Amino acid sequence: MTIKLLASNKVFGGVHQRYSHQSESTQCEMTFAVYMPPQAAEDTPVPLLYWLSGLTCSDENFMQKAGAFKVAAELGMAIVAPDTSPRGEGVADDPKGAYDLGLGAGFYVNASQAPWAKHYQMYSYICEELPALLEQHFPISQQRAIAGHSMGGHGALSIAFKNPQRYSSVSAFSPICQPTNCPWGQKAFAAYLGNDQLRWQEHDSSLLIKQLKPEQQLPLLIDQGSDDNFLAEQLKPETLVDAAKQLDYPINFRVQQGYDHSYFFIASFIEDHLRFHFKYF
Ligand SMILES: N[C@@H](CCC(=O)N[C@@H](CS)C(=O)NCC(=O)O)C(=O)O
C-alpha cells in the first residue's frame with residue numbers, strides 16, 4: 001500500500017503531514033493527516049490517537065483548530081485525523097447537497113444500500129485499512145486510543161465499544177450518543193443501512209455500551225458544552241450516561257458551562273483528553 005505526501009510542516013519539534021492513498025475499502029482516493037511527535041524522529045515507536053471529526057470536516061479541521069500539537073509533542077503521542085467520508089468523482093452525495101448526508105458525513109459505518117455502498121465503507125476504513133497502512137509507514141507502537149467530536153464522537157464511541165480489545169481508552173467531545181433516535185443519525189442510517197433498524201442498533205453507542213462485559217469497559221471521558229445548539233435534539237448524552245450508571249461503568253462525563261459545539265470548545269479541553277489517553281497507554 002503506497003501513500004503520497006501532500007504537505008509537511010514542522011510544528012512543536014514534530015511534524016504535521018497530509019497524505020493521500022488509494023483505498024481498497026472506499027474505492028477512491030482518501031486523504032489523512034498525521035502528527036508525529038519529535039520522539040518519533042529516530043524511528044522510535046510512539047502511541048497513536050485516532051481522531052474522528054464531525055459533519056462537514058475533512059482531515060484538516062482538527063489539525064488546524066484543536067491546538068493539540070504542543071501537548072502531543074510533550075507526551076510523545078502521534079495523532080491521525082482521517083477524512084469523514086469518501087470523496088471524488090463518482091462518489092455519491094446527497095442530491096440536495098445537505099451537509100449531514102454524503103460527502104463529509106460518512107458516519108463511520110459500512111453502507112449496504114445503493115448508491116452509497118460502493119464507496120461509503122468508513123467503518124472498515126477506520127478499523128482495518130487505515131491501521132494497517134499506518135503501521136506499515138510510520139513508527140507507531142501497538143498502543144492505540146480513539147477520540148472524536150459529534151459525528152466523530154459517535155464514531156469513536158461505537159468503534160471502541162465494538163472493538164474494546166483494540167484501544168486502551170476512548171474519549172469524545174459532544175458525541176451523538178443515540179444515533180437511532182436523533183434526526184442526524186436516523187437520516188444517515190436509513191440511507192446507508194436501509195430500513196432494518198436492527199442494523200442501525202449495531203452502531204448505537206447507547207445500546208452497544210450495554211453489551212460490554214465489565215473487563216471490556218475502557219476508560220471513557222466525555223466533554224459536553226452546556227450551550228451546544230445540538231445538545232437536546234441530536235446528541236442526547238443522557239442516554240449513554242444513564243446506561244453507564246445502570247451498568248456501574250464509571251465513565252467521566254463532564255458538562256462544561258457556556259461552551260458550544262465548535263472547535264473553540266475542543267481547543268479548550270483537548271489537553272485534558274490527550275493527558276487522559278496517555279495515562280492508559
Ligand atoms: N454546518 C452545520 C453544522 C456542522 C458542524 O457544526 N460541524 C461540526 C461537527 S458536527 C464541525 O466540526 N464543523 C467544522 C468546524 O467547525 O471546523 C450547521 O451549520 O448547522
# chains A, B, ... in the order shown; residues from 1 in each chain; ligands from 1

$ closest_atom_pairs --of "chain A" --to "ligand 1" --cutoff "7 Å" --atoms "only C-alpha atoms and all ligand atoms" --output "CSV"
residue,atom,partner,partner_atom_place_in_ligand_line,distance
A:Ser53,CA,ligand 1,12 (O),6.5
A:Gly54,CA,ligand 1,9 (C),3.7
A:Leu55,CA,ligand 1,10 (S),4.2
A:Thr56,CA,ligand 1,7 (N),5.5
A:Cys57,CA,ligand 1,14 (C),5.1
A:Asn61,CA,ligand 1,17 (O),4.9
A:Tyr99,CA,ligand 1,1 (N),6.2
A:His149,CA,ligand 1,9 (C),6.5
A:Ser150,CA,ligand 1,10 (S),4.9
A:Met151,CA,ligand 1,10 (S),5.9
A:His261,CA,ligand 1,6 (O),6.4
A:Ser262,CA,ligand 1,16 (O),5.2
A:Tyr263,CA,ligand 1,16 (O),5.5

$ select_by_dssp --residues "range 88-197 of chain A" --states "alpha helix (DSSP H)" --output "ChimeraX atom specification"
/A:122-124,130-137,151-162,183-193,197

$ residues_around --residues "Pro250 in chain A" --least-positions-apart "3" --cutoff "10 Å" --atoms "only C-alpha atoms" --output "list in words"
Gln217, Leu218, Pro219, Leu220, Leu221, Val241, Ala244, Lys245, Leu247 and Phe253 of chain A

$ closest_residue --among "A:Thr26, A:Gln201, A:Gln186, A:Gln256" --to "His119 in chain A" --atoms "only C-alpha atoms"
A:Thr26

$ closest_atom_pairs --of "range 4-59 of chain A" --to "range 166-172 of chain A" --cutoff "10 Å" --atoms "only C-alpha atoms" --output "CSV"
residue,atom,partner,partner_atom,distance
A:Leu48,CA,A:Tyr167,CA,9.9
A:Leu49,CA,A:Tyr167,CA,9.3
A:Tyr50,CA,A:Val170,CA,9.5
A:Trp51,CA,A:Ala172,CA,9.3
A:Leu52,CA,A:Ala172,CA,9.2

$ closest_residue --among "A:Ala232, A:Leu101, A:Val15, A:Met36" --to "Leu134 in chain A" --atoms "only C-alpha atoms"
A:Met36

$ residues_around --residues "Pro115 in chain A" --least-positions-apart "4" --cutoff "9 Å" --atoms "only C-alpha atoms" --output "PDB file with N, CA and C atoms, in the first residue's frame"
ATOM      1  N   VAL A  91     -18.292   9.544  -6.494  1.00  0.00           N
ATOM      2  CA  VAL A  91     -18.720   9.219  -5.130  1.00  0.00           C
ATOM      3  C   VAL A  91     -20.075   9.880  -4.889  1.00  0.00           C
ATOM      4  N   ALA A  92     -21.053   9.079  -4.463  1.00  0.00           N
ATOM      5  CA  ALA A  92     -22.415   9.598  -4.278  1.00  0.00           C
ATOM      6  C   ALA A  92     -22.442  10.705  -3.235  1.00  0.00           C
ATOM      7  N   ASP A  93     -23.326  11.659  -3.447  1.00  0.00           N
ATOM      8  CA  ASP A  93     -23.547  12.717  -2.457  1.00  0.00           C
ATOM      9  C   ASP A  93     -25.049  12.938  -2.341  1.00  0.00           C
ATOM     10  N   HIS A 119     -18.836   3.172  -2.091  1.00  0.00           N
ATOM     11  CA  HIS A 119     -17.707   3.929  -1.531  1.00  0.00           C
ATOM     12  C   HIS A 119     -17.800   4.167  -0.008  1.00  0.00           C
ATOM     13  N   ALA A 191     -30.402   5.955   5.061  1.00  0.00           N
ATOM     14  CA  ALA A 191     -29.791   5.988   3.722  1.00  0.00           C
ATOM     15  C   ALA A 191     -28.718   4.899   3.586  1.00  0.00           C
ATOM     16  N   TYR A 192     -27.808   4.835   4.542  1.00  0.00           N
ATOM     17  CA  TYR A 192     -26.647   3.952   4.391  1.00  0.00           C
ATOM     18  C   TYR A 192     -26.967   2.491   4.712  1.00  0.00           C
TER      19      TYR A 192
END

$ closest_residue --among "A:Gly90, A:Gly104, A:Pro45, A:Pro37" --to "Met77 in chain A" --atoms "only C-alpha atoms"
A:Pro37

$ select_by_dssp --residues "range 179-274 of chain A" --states "strand (DSSP E)" --output "NGL selection string"
:A and (220-225 or 252-256)

$ write_last_selection --atoms "C-alpha atoms" --output "CSV table (one decimal), in the first residue's frame"
chain,number,residue,atom,x,y,z
A,220,LEU,CA,-14.0,6.8,29.0
A,221,LEU,CA,-14.0,10.6,29.1
A,222,ILE,CA,-16.8,12.8,27.5
A,223,ASP,CA,-16.9,16.6,27.5
A,224,GLN,CA,-20.1,18.3,26.6
A,225,GLY,CA,-20.7,22.1,26.3
A,252,ASN,CA,-16.2,10.5,33.3
A,253,PHE,CA,-18.9,12.8,31.8
A,254,ARG,CA,-18.3,16.5,32.2
A,255,VAL,CA,-20.6,19.3,31.4
A,256,GLN,CA,-18.6,22.4,30.6

$ closest_residue --among "A:Pro179, A:Pro38, A:Pro86, A:Gly155" --to "Lys10 in chain A" --atoms "only C-alpha atoms"
A:Pro38

$ residues_around --residues "Ile159 in chain A" --least-positions-apart "3" --cutoff "10 Å" --atoms "only C-alpha atoms" --output "list in words"
Tyr108, Val109, Tyr123, Ile126, Cys127, Ile146, Ala147, Gly153, His154, Gly155, Ala156, Lys162, Asn163, Pro164, Arg166, Tyr167, Val170, His203, Asp204, Ser205 and Leu208 of chain A

$ closest_residue --among "A:Ser25, A:Asn9, A:Gln246, A:Ser174" --to "Asn110 in chain A" --atoms "only C-alpha atoms"
A:Ser25

$ residues_around --residues "Phe189 in chain A" --least-positions-apart "6" --cutoff "9 Å" --atoms "only C-alpha atoms" --output "list in words"
Phe107, Val109, Ala111, Pro179, Thr180, Asn195, Gln197, Arg199 and Trp200 of chain A

$ atom_distance --atom1 "CA of Ser8 in chain A" --atom2 "CA of Pro82 in chain A"
15.9 Å

$ closest_residue --among "A:Ala188, A:Ala72, A:Leu198, A:Ala160" --to "Ala98 in chain A" --atoms "only C-alpha atoms"
A:Ala188

$ atom_distance --atom1 "CA of Ser58 in chain A" --atom2 "CA of Pro237 in chain A"
24.4 Å

$ atom_distance --atom1 "CA of Ser112 in chain A" --atom2 "CA of Asp59 in chain A"
24.6 Å
